[in-house]
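Undergrad: Got a structure for you, work-v6.txt, holding compact mmCIF, N, CA and C atoms.
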```txt
# COMPACT_ATOMS: atom_id res chain seq x y z
N PRO A 1 0.83 -1.21 0.00
CA PRO A 1 0.00 0.00 0.00
C PRO A 1 0.86 1.27 0.00
N ILE A 2 0.27 2.32 -0.49
CA ILE A 2 0.95 3.62 -0.53
C ILE A 2 0.76 4.27 0.84
N PRO A 3 1.86 4.73 1.46
CA PRO A 3 1.73 5.36 2.78
C PRO A 3 0.79 6.57 2.73
N LYS A 4 -0.02 6.72 3.75
CA LYS A 4 -1.00 7.81 3.83
C LYS A 4 -0.32 9.18 3.69
N GLU A 5 0.87 9.33 4.30
CA GLU A 5 1.57 10.61 4.24
C GLU A 5 1.95 10.97 2.80
N VAL A 6 2.31 9.97 2.01
CA VAL A 6 2.68 10.20 0.61
C VAL A 6 1.46 10.66 -0.18
N ILE A 7 0.35 10.01 0.07
CA ILE A 7 -0.89 10.38 -0.63
C ILE A 7 -1.31 11.80 -0.25
N GLU A 8 -1.28 12.10 1.03
CA GLU A 8 -1.70 13.43 1.48
C GLU A 8 -0.79 14.52 0.92
N LYS A 9 0.51 14.27 0.89
CA LYS A 9 1.46 15.24 0.33
C LYS A 9 1.21 15.42 -1.17
N SER A 10 0.94 14.32 -1.87
CA SER A 10 0.66 14.39 -3.31
C SER A 10 -0.63 15.17 -3.58
N LEU A 11 -1.65 14.93 -2.77
CA LEU A 11 -2.90 15.67 -2.93
C LEU A 11 -2.69 17.16 -2.67
N ASP A 12 -1.95 17.47 -1.63
CA ASP A 12 -1.68 18.86 -1.30
C ASP A 12 -0.94 19.55 -2.46
N ASN A 13 0.08 18.88 -2.99
CA ASN A 13 0.82 19.44 -4.13
C ASN A 13 -0.06 19.58 -5.36
N SER A 14 -0.93 18.61 -5.59
CA SER A 14 -1.82 18.66 -6.75
C SER A 14 -2.78 19.84 -6.66
N LEU A 15 -3.30 20.07 -5.47
CA LEU A 15 -4.24 21.17 -5.29
C LEU A 15 -3.58 22.54 -5.45
N LYS A 16 -2.26 22.58 -5.25
CA LYS A 16 -1.54 23.84 -5.35
C LYS A 16 -0.82 24.01 -6.69
N ALA A 17 -0.96 23.03 -7.58
CA ALA A 17 -0.29 23.11 -8.88
C ALA A 17 -0.74 24.38 -9.60
N PRO A 18 0.20 25.13 -10.16
CA PRO A 18 -0.15 26.41 -10.77
C PRO A 18 -0.93 26.27 -12.07
N THR A 19 -1.72 27.29 -12.32
CA THR A 19 -2.41 27.42 -13.61
C THR A 19 -2.00 28.79 -14.17
N SER A 20 -2.41 29.08 -15.37
CA SER A 20 -2.03 30.36 -15.99
C SER A 20 -2.55 31.54 -15.17
N SER A 21 -3.70 31.40 -14.55
CA SER A 21 -4.27 32.49 -13.75
C SER A 21 -3.98 32.31 -12.27
N ASN A 22 -3.40 31.17 -11.91
CA ASN A 22 -3.14 30.79 -10.52
C ASN A 22 -4.42 30.77 -9.69
N LEU A 23 -5.52 30.44 -10.33
CA LEU A 23 -6.80 30.31 -9.65
C LEU A 23 -7.28 28.86 -9.79
N GLN A 24 -6.63 27.98 -9.09
CA GLN A 24 -6.92 26.56 -9.20
C GLN A 24 -8.42 26.31 -9.05
N THR A 25 -8.98 25.78 -10.10
CA THR A 25 -10.45 25.60 -10.13
C THR A 25 -10.81 24.12 -10.16
N TRP A 26 -10.17 23.36 -9.31
CA TRP A 26 -10.48 21.94 -9.27
C TRP A 26 -10.56 21.46 -7.83
N GLU A 27 -11.18 20.31 -7.70
CA GLU A 27 -11.28 19.61 -6.42
C GLU A 27 -10.78 18.20 -6.66
N ILE A 28 -10.22 17.60 -5.63
CA ILE A 28 -9.76 16.22 -5.74
C ILE A 28 -10.35 15.45 -4.56
N TYR A 29 -10.97 14.34 -4.87
CA TYR A 29 -11.56 13.50 -3.85
C TYR A 29 -10.83 12.16 -3.79
N TRP A 30 -10.42 11.79 -2.61
CA TRP A 30 -9.77 10.50 -2.37
C TRP A 30 -10.87 9.55 -1.95
N VAL A 31 -11.16 8.59 -2.78
CA VAL A 31 -12.26 7.65 -2.53
C VAL A 31 -11.73 6.53 -1.63
N LYS A 32 -12.21 6.50 -0.41
CA LYS A 32 -11.75 5.50 0.56
C LYS A 32 -12.82 4.45 0.84
N SER A 33 -14.06 4.84 0.75
CA SER A 33 -15.18 3.93 1.04
C SER A 33 -15.36 2.92 -0.08
N LYS A 34 -15.47 1.66 0.31
CA LYS A 34 -15.68 0.58 -0.67
C LYS A 34 -16.98 0.81 -1.45
N ASP A 35 -18.03 1.22 -0.76
CA ASP A 35 -19.32 1.46 -1.42
C ASP A 35 -19.22 2.57 -2.46
N ILE A 36 -18.57 3.66 -2.09
CA ILE A 36 -18.43 4.77 -3.04
C ILE A 36 -17.51 4.38 -4.18
N LYS A 37 -16.45 3.63 -3.87
CA LYS A 37 -15.54 3.17 -4.93
C LYS A 37 -16.32 2.34 -5.94
N ASN A 38 -17.17 1.46 -5.48
CA ASN A 38 -17.98 0.64 -6.40
C ASN A 38 -18.86 1.50 -7.29
N LYS A 39 -19.41 2.59 -6.73
CA LYS A 39 -20.24 3.49 -7.53
C LYS A 39 -19.39 4.24 -8.56
N VAL A 40 -18.18 4.64 -8.15
CA VAL A 40 -17.30 5.34 -9.09
C VAL A 40 -16.87 4.39 -10.20
N VAL A 41 -16.55 3.15 -9.84
CA VAL A 41 -16.17 2.15 -10.84
C VAL A 41 -17.32 1.97 -11.84
N GLU A 42 -18.53 1.90 -11.35
CA GLU A 42 -19.70 1.77 -12.23
C GLU A 42 -19.82 2.99 -13.15
N ALA A 43 -19.60 4.19 -12.58
CA ALA A 43 -19.67 5.42 -13.39
C ALA A 43 -18.56 5.45 -14.43
N CYS A 44 -17.47 4.73 -14.16
CA CYS A 44 -16.35 4.65 -15.11
C CYS A 44 -16.53 3.48 -16.09
N LEU A 45 -17.75 2.99 -16.18
CA LEU A 45 -18.08 1.88 -17.08
C LEU A 45 -17.27 0.63 -16.78
N SER A 46 -16.97 0.44 -15.49
CA SER A 46 -16.24 -0.75 -14.99
C SER A 46 -14.88 -0.94 -15.66
N GLN A 47 -14.23 0.15 -15.98
CA GLN A 47 -12.90 0.06 -16.59
C GLN A 47 -11.95 -0.63 -15.61
N PRO A 48 -11.10 -1.52 -16.13
CA PRO A 48 -10.17 -2.25 -15.26
C PRO A 48 -9.29 -1.32 -14.41
N ALA A 49 -8.87 -0.19 -14.96
CA ALA A 49 -8.01 0.72 -14.19
C ALA A 49 -8.71 1.21 -12.93
N ALA A 50 -9.99 1.48 -13.03
CA ALA A 50 -10.76 1.93 -11.86
C ALA A 50 -11.02 0.76 -10.92
N LYS A 51 -11.35 -0.39 -11.47
CA LYS A 51 -11.65 -1.58 -10.65
C LYS A 51 -10.46 -2.04 -9.83
N THR A 52 -9.28 -1.98 -10.40
CA THR A 52 -8.11 -2.59 -9.76
C THR A 52 -7.20 -1.57 -9.07
N ALA A 53 -7.56 -0.31 -9.11
CA ALA A 53 -6.71 0.72 -8.50
C ALA A 53 -6.57 0.50 -7.00
N LYS A 54 -5.34 0.57 -6.52
CA LYS A 54 -5.12 0.45 -5.07
C LYS A 54 -5.68 1.68 -4.37
N GLU A 55 -5.55 2.82 -5.01
CA GLU A 55 -6.12 4.07 -4.51
C GLU A 55 -6.90 4.70 -5.65
N LEU A 56 -8.02 5.34 -5.34
CA LEU A 56 -8.86 5.92 -6.37
C LEU A 56 -9.14 7.38 -6.03
N PHE A 57 -8.93 8.25 -7.01
CA PHE A 57 -9.14 9.68 -6.84
C PHE A 57 -10.08 10.18 -7.93
N VAL A 58 -10.90 11.13 -7.58
CA VAL A 58 -11.79 11.76 -8.54
C VAL A 58 -11.38 13.23 -8.64
N PHE A 59 -11.06 13.66 -9.85
CA PHE A 59 -10.69 15.05 -10.11
C PHE A 59 -11.89 15.74 -10.75
N VAL A 60 -12.29 16.85 -10.15
CA VAL A 60 -13.46 17.58 -10.63
C VAL A 60 -13.04 19.00 -11.00
N SER A 61 -13.31 19.36 -12.23
CA SER A 61 -13.03 20.72 -12.68
C SER A 61 -14.20 21.61 -12.31
N ARG A 62 -13.92 22.75 -11.68
CA ARG A 62 -14.97 23.67 -11.25
C ARG A 62 -14.67 25.07 -11.79
N PRO A 63 -14.96 25.32 -13.08
CA PRO A 63 -14.68 26.64 -13.64
C PRO A 63 -15.37 27.77 -12.89
N ASP A 64 -16.46 27.46 -12.19
CA ASP A 64 -17.18 28.49 -11.44
C ASP A 64 -16.41 28.93 -10.19
N TYR A 65 -15.35 28.25 -9.84
CA TYR A 65 -14.58 28.60 -8.64
C TYR A 65 -13.66 29.80 -8.85
N TRP A 66 -13.48 30.26 -10.06
CA TRP A 66 -12.50 31.32 -10.28
C TRP A 66 -12.81 32.56 -9.45
N LYS A 67 -14.09 32.91 -9.33
CA LYS A 67 -14.45 34.11 -8.56
C LYS A 67 -14.10 33.93 -7.09
N ARG A 68 -14.48 32.79 -6.54
CA ARG A 68 -14.20 32.51 -5.13
C ARG A 68 -12.68 32.51 -4.89
N ASN A 69 -11.95 31.81 -5.74
CA ASN A 69 -10.51 31.69 -5.56
C ASN A 69 -9.81 33.03 -5.78
N ASN A 70 -10.32 33.82 -6.71
CA ASN A 70 -9.77 35.14 -6.95
C ASN A 70 -9.90 35.99 -5.69
N GLN A 71 -11.05 35.94 -5.06
CA GLN A 71 -11.25 36.71 -3.83
C GLN A 71 -10.34 36.20 -2.72
N MET A 72 -10.15 34.89 -2.61
CA MET A 72 -9.25 34.34 -1.60
C MET A 72 -7.83 34.83 -1.82
N MET A 73 -7.40 34.90 -3.08
CA MET A 73 -6.05 35.40 -3.39
C MET A 73 -5.93 36.88 -3.00
N LEU A 74 -6.94 37.67 -3.32
CA LEU A 74 -6.90 39.09 -2.97
C LEU A 74 -6.85 39.27 -1.45
N ASP A 75 -7.63 38.48 -0.74
CA ASP A 75 -7.62 38.54 0.73
C ASP A 75 -6.26 38.16 1.28
N ALA A 76 -5.64 37.13 0.71
CA ALA A 76 -4.32 36.68 1.16
C ALA A 76 -3.27 37.77 0.91
N ILE A 77 -3.37 38.45 -0.21
CA ILE A 77 -2.44 39.54 -0.52
C ILE A 77 -2.61 40.69 0.48
N LYS A 78 -3.84 41.01 0.82
CA LYS A 78 -4.10 42.07 1.79
C LYS A 78 -3.47 41.71 3.15
N ILE A 79 -3.64 40.47 3.56
CA ILE A 79 -3.07 40.02 4.84
C ILE A 79 -1.55 40.07 4.78
N LEU A 80 -0.99 39.62 3.69
CA LEU A 80 0.47 39.64 3.53
C LEU A 80 1.00 41.08 3.58
N ASN A 81 0.34 41.98 2.89
CA ASN A 81 0.74 43.39 2.91
C ASN A 81 0.66 43.94 4.33
N TRP A 82 -0.39 43.61 5.05
CA TRP A 82 -0.58 44.08 6.43
C TRP A 82 0.56 43.55 7.31
N ARG A 83 0.91 42.26 7.16
CA ARG A 83 2.00 41.68 7.96
C ARG A 83 3.34 42.34 7.63
N MET A 84 3.56 42.60 6.34
CA MET A 84 4.81 43.23 5.94
C MET A 84 4.94 44.63 6.54
N LYS A 85 3.83 45.37 6.59
CA LYS A 85 3.85 46.71 7.19
C LYS A 85 4.20 46.62 8.67
N LEU A 86 3.68 45.60 9.36
CA LEU A 86 3.98 45.41 10.77
C LEU A 86 5.47 45.12 10.99
N GLU A 87 6.05 44.33 10.11
CA GLU A 87 7.46 43.96 10.23
C GLU A 87 8.36 45.17 9.97
N ILE A 88 7.95 46.03 9.06
CA ILE A 88 8.76 47.21 8.73
C ILE A 88 8.75 48.20 9.89
N ASN A 89 7.63 48.33 10.55
CA ASN A 89 7.51 49.31 11.66
C ASN A 89 8.05 48.77 12.90
```
When written as structure tokens, how does the structure in this file appear?
TA:
Amino acid sequence: PIPKEVIEKSLDNSLKAPTSSNLQTWEIYWVKSKDIKNKVVEACLSQPAAKTAKELFVFVSRPDYWKRNNQMMLDAIKILNWRMKLEIN
């Protein structure tokens, strides 16, 4: 089996992978439940890769997230600027 720490680090890196706008508009789900895995396998038309995967992940593109993520980036920049001003003074 793949160590949990390796999977979590990989997921974290995947979620932070840059895009041209740096507004990552995707979600990644780690399917751990046998029941849900069976449903995902069925949705994948029972492809052998899905059936036999030791670990199963679902990647979902969410183009509607750009607005939310854009605001989060702006908020983060404001906080960073505020912290930098505190350090200078």
Undergrad: Please extract the residues of chain A with a backbone DSSP assignment of strand (DSSP E) and present them as a ChimeraX atom specification.
TA: /A:26-31,56-61
Undergrad: Tell me which of A:Leu15, A:Ile36, A:Val31, A:Leu23 sits closest to A:Phe57, counting all atoms listed in the file.
TA: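 The answer is A:Val31, which sits nearest to A:Phe57.
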Undergrad: Can you list, as JSON, numbers by chain, every protein, DNA or RNA residue that comes within 6.5 Å of stretch 49-56 of chain A when you count all atoms listed in the file, leaving out same-chain residues fewer than 3 positions away?
TA: {"A": [29, 30, 31, 32, 41, 46]}
Undergrad: Suppose you want the space between atom CA of A:Ala17 and atom CA of A:Arg62; what is it in Å?
TA: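 Answer for the atom CA of A:Ala17 to atom CA of A:Arg62 separation: 14.9 Å.
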Undergrad: Report, in Å to a single decimal, how far apart atom CA of A:Ile77 and atom CA of A:Asn22 are.
TA: 13.3 Å
Undergrad: Chain A: which residues are helix (DSSP H, G or I) by DSSP, as a PyMOL selection string?
TA: chain A and resi 4-15+34-43+48-52+63-88
Undergrad: Applying 7 Å and only C-alpha atoms, which residues near A:Ser61 remain after dropping the ones on its own chain fewer than 5 positions away? List them as a list in words.
TA: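 With the cut-off at 7 Å, the set is Thr25, Trp26 and Glu27 of chain A.
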Undergrad: Could you please determine the separation between atom CA of A:Asn69 and atom N of A:Gln24 in Å, to one decimal place?
TA: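 These two atoms are separated by 6.4 Å.
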Undergrad: Pick from A:Leu45, A:Met72, A:Met84, A:Ile28: nearest to A:Asp12, with only C-alpha atoms counted?
TA: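 The shortest atom-to-atom distance to A:Asp12 comes from A:Ile28.
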Undergrad: Could you add whatever atoms are missing so that stretch 7-24 of chain A carries N, CA, C and O atoms, then write the result as a PDB file, keeping the file's coordinate frame?
TA:
```pdb
ATOM      1  N   ILE A   7       0.350  10.010   0.070  1.00  0.00           N
ATOM      2  CA  ILE A   7      -0.890  10.380  -0.630  1.00  0.00           C
ATOM      3  C   ILE A   7      -1.310  11.800  -0.250  1.00  0.00           C
ATOM      4  O   ILE A   7      -1.629  12.626  -1.114  1.00  0.00           O
ATOM      5  N   GLU A   8      -1.280  12.100   1.030  1.00  0.00           N
ATOM      6  CA  GLU A   8      -1.700  13.430   1.480  1.00  0.00           C
ATOM      7  C   GLU A   8      -0.790  14.520   0.920  1.00  0.00           C
ATOM      8  O   GLU A   8      -1.265  15.576   0.510  1.00  0.00           O
ATOM      9  N   LYS A   9       0.510  14.270   0.890  1.00  0.00           N
ATOM     10  CA  LYS A   9       1.460  15.240   0.330  1.00  0.00           C
ATOM     11  C   LYS A   9       1.210  15.420  -1.170  1.00  0.00           C
ATOM     12  O   LYS A   9       1.218  16.533  -1.694  1.00  0.00           O
ATOM     13  N   SER A  10       0.940  14.320  -1.870  1.00  0.00           N
ATOM     14  CA  SER A  10       0.660  14.390  -3.310  1.00  0.00           C
ATOM     15  C   SER A  10      -0.630  15.170  -3.580  1.00  0.00           C
ATOM     16  O   SER A  10      -0.681  15.979  -4.506  1.00  0.00           O
ATOM     17  N   LEU A  11      -1.650  14.930  -2.770  1.00  0.00           N
ATOM     18  CA  LEU A  11      -2.900  15.670  -2.930  1.00  0.00           C
ATOM     19  C   LEU A  11      -2.690  17.160  -2.670  1.00  0.00           C
ATOM     20  O   LEU A  11      -3.181  18.005  -3.423  1.00  0.00           O
ATOM     21  N   ASP A  12      -1.950  17.470  -1.630  1.00  0.00           N
ATOM     22  CA  ASP A  12      -1.680  18.860  -1.300  1.00  0.00           C
ATOM     23  C   ASP A  12      -0.940  19.550  -2.460  1.00  0.00           C
ATOM     24  O   ASP A  12      -1.306  20.645  -2.879  1.00  0.00           O
ATOM     25  N   ASN A  13       0.080  18.880  -2.990  1.00  0.00           N
ATOM     26  CA  ASN A  13       0.820  19.440  -4.130  1.00  0.00           C
ATOM     27  C   ASN A  13      -0.060  19.580  -5.360  1.00  0.00           C
ATOM     28  O   ASN A  13       0.038  20.554  -6.096  1.00  0.00           O
ATOM     29  N   SER A  14      -0.930  18.610  -5.590  1.00  0.00           N
ATOM     30  CA  SER A  14      -1.820  18.660  -6.750  1.00  0.00           C
ATOM     31  C   SER A  14      -2.780  19.840  -6.660  1.00  0.00           C
ATOM     32  O   SER A  14      -3.047  20.519  -7.647  1.00  0.00           O
ATOM     33  N   LEU A  15      -3.300  20.070  -5.470  1.00  0.00           N
ATOM     34  CA  LEU A  15      -4.240  21.170  -5.290  1.00  0.00           C
ATOM     35  C   LEU A  15      -3.580  22.540  -5.450  1.00  0.00           C
ATOM     36  O   LEU A  15      -4.233  23.523  -5.771  1.00  0.00           O
ATOM     37  N   LYS A  16      -2.260  22.580  -5.250  1.00  0.00           N
ATOM     38  CA  LYS A  16      -1.540  23.840  -5.350  1.00  0.00           C
ATOM     39  C   LYS A  16      -0.820  24.010  -6.690  1.00  0.00           C
ATOM     40  O   LYS A  16      -0.159  25.018  -6.920  1.00  0.00           O
ATOM     41  N   ALA A  17      -0.960  23.030  -7.580  1.00  0.00           N
ATOM     42  CA  ALA A  17      -0.290  23.110  -8.880  1.00  0.00           C
ATOM     43  C   ALA A  17      -0.740  24.380  -9.600  1.00  0.00           C
ATOM     44  O   ALA A  17      -1.922  24.690  -9.640  1.00  0.00           O
ATOM     45  N   PRO A  18       0.200  25.130 -10.160  1.00  0.00           N
ATOM     46  CA  PRO A  18      -0.150  26.410 -10.770  1.00  0.00           C
ATOM     47  C   PRO A  18      -0.930  26.270 -12.070  1.00  0.00           C
ATOM     48  O   PRO A  18      -0.798  25.284 -12.789  1.00  0.00           O
ATOM     49  N   THR A  19      -1.720  27.290 -12.320  1.00  0.00           N
ATOM     50  CA  THR A  19      -2.410  27.420 -13.610  1.00  0.00           C
ATOM     51  C   THR A  19      -2.000  28.790 -14.170  1.00  0.00           C
ATOM     52  O   THR A  19      -1.362  29.583 -13.478  1.00  0.00           O
ATOM     53  N   SER A  20      -2.410  29.080 -15.370  1.00  0.00           N
ATOM     54  CA  SER A  20      -2.030  30.360 -15.990  1.00  0.00           C
ATOM     55  C   SER A  20      -2.550  31.540 -15.170  1.00  0.00           C
ATOM     56  O   SER A  20      -1.900  32.575 -15.080  1.00  0.00           O
ATOM     57  N   SER A  21      -3.700  31.400 -14.550  1.00  0.00           N
ATOM     58  CA  SER A  21      -4.270  32.490 -13.750  1.00  0.00           C
ATOM     59  C   SER A  21      -3.980  32.310 -12.270  1.00  0.00           C
ATOM     60  O   SER A  21      -4.288  33.178 -11.467  1.00  0.00           O
ATOM     61  N   ASN A  22      -3.400  31.170 -11.910  1.00  0.00           N
ATOM     62  CA  ASN A  22      -3.140  30.790 -10.520  1.00  0.00           C
ATOM     63  C   ASN A  22      -4.420  30.770  -9.690  1.00  0.00           C
ATOM     64  O   ASN A  22      -4.411  31.053  -8.499  1.00  0.00           O
ATOM     65  N   LEU A  23      -5.520  30.440 -10.330  1.00  0.00           N
ATOM     66  CA  LEU A  23      -6.800  30.310  -9.650  1.00  0.00           C
ATOM     67  C   LEU A  23      -7.280  28.860  -9.790  1.00  0.00           C
ATOM     68  O   LEU A  23      -8.185  28.568 -10.551  1.00  0.00           O
ATOM     69  N   GLN A  24      -6.630  27.980  -9.090  1.00  0.00           N
ATOM     70  CA  GLN A  24      -6.920  26.560  -9.200  1.00  0.00           C
ATOM     71  C   GLN A  24      -8.420  26.310  -9.050  1.00  0.00           C
ATOM     72  O   GLN A  24      -8.998  26.595  -8.019  1.00  0.00           O
TER      73      GLN A  24
END
```
